[in-house]
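Peer 1: Before I ask anything, let me first share the structure, which is written out below as structure tokens.
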Amino acid sequence: MIELTPPAVFREARPERLTVSGFTCPECHGNGWFWSEDSGGDWEKKDCPVCGGTKEVTAEVVIRWRGKCCGNAPTNKTNENNV
């Protein structure tokens, strides 16, 4: 759960970032690699293109405060990611 509190000085508010790491990579299922056939027909391990071999992915949540004072009137619409 994320608790949100508007900034004290709204006109100078900068985007807030929350980073959470340690999620298992959904592409390689936490292996960090895939078997891949090279041009000679031999099999080799290739790093996962999503996690780069780290086995994990990171989530980053960005909060941008908007208000009438800044020319950014709030709306009831959700963004294209339905967040």
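Chain labels run A, B, ... following the order of the structure tokens; each chain numbers its residues from 1, and ligands are numbered from 1 in the order shown.
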Using only C-alpha atoms, which residues sit within 9 Å of segment 32-42 of chain A once same-chain residues fewer than 5 positions away are excluded, as a list in words?
Peer 2: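 With the cut-off at 9 Å, the set is Cys25, Glu27, Asp47, Cys48, Pro49, Val50, Cys51, Gly52, Gly53, Thr54, Lys55 and Glu56 of chain A.
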Peer 1: For Val61 of chain A, list every protein, DNA or RNA residue within 9 Å, evaluated using only C-alpha atoms, and leave out those in the same chain fewer than 3 positions away; present the list as a PDB file with C-alpha atoms, in the first residue's frame.
Peer 2:
```pdb
ATOM      1  CA  GLU A  16       8.353  11.526  -6.505  1.00  0.00           C
ATOM      2  CA  ARG A  17       9.819   8.090  -7.241  1.00  0.00           C
ATOM      3  CA  LEU A  18       9.377   4.842  -5.390  1.00  0.00           C
ATOM      4  CA  THR A  19      11.585   1.960  -6.537  1.00  0.00           C
ATOM      5  CA  VAL A  20      10.942  -1.611  -5.452  1.00  0.00           C
TER       6      VAL A  20
END
```
Peer 1: To one decimal place, how far is atom CA of Phe23 of chain A from atom CA of Thr58 of chain A in Å?
Peer 2: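 These two atoms are separated by 6.4 Å.
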Peer 1: When you look at Arg64 of chain A with a cut-off of 9 Å (counting only C-alpha atoms), what residues show up, excluding the ones that are within fewer than 4 positions of it in the same chain? I need them as an MDAnalysis selection string.
Peer 2: chainID A and resid 13:16
Peer 1: One number please: atom CA of Arg66 of chain A to atom CA of Ala8 of chain A, in Å, one decimal.
Peer 2: 13.3 Å
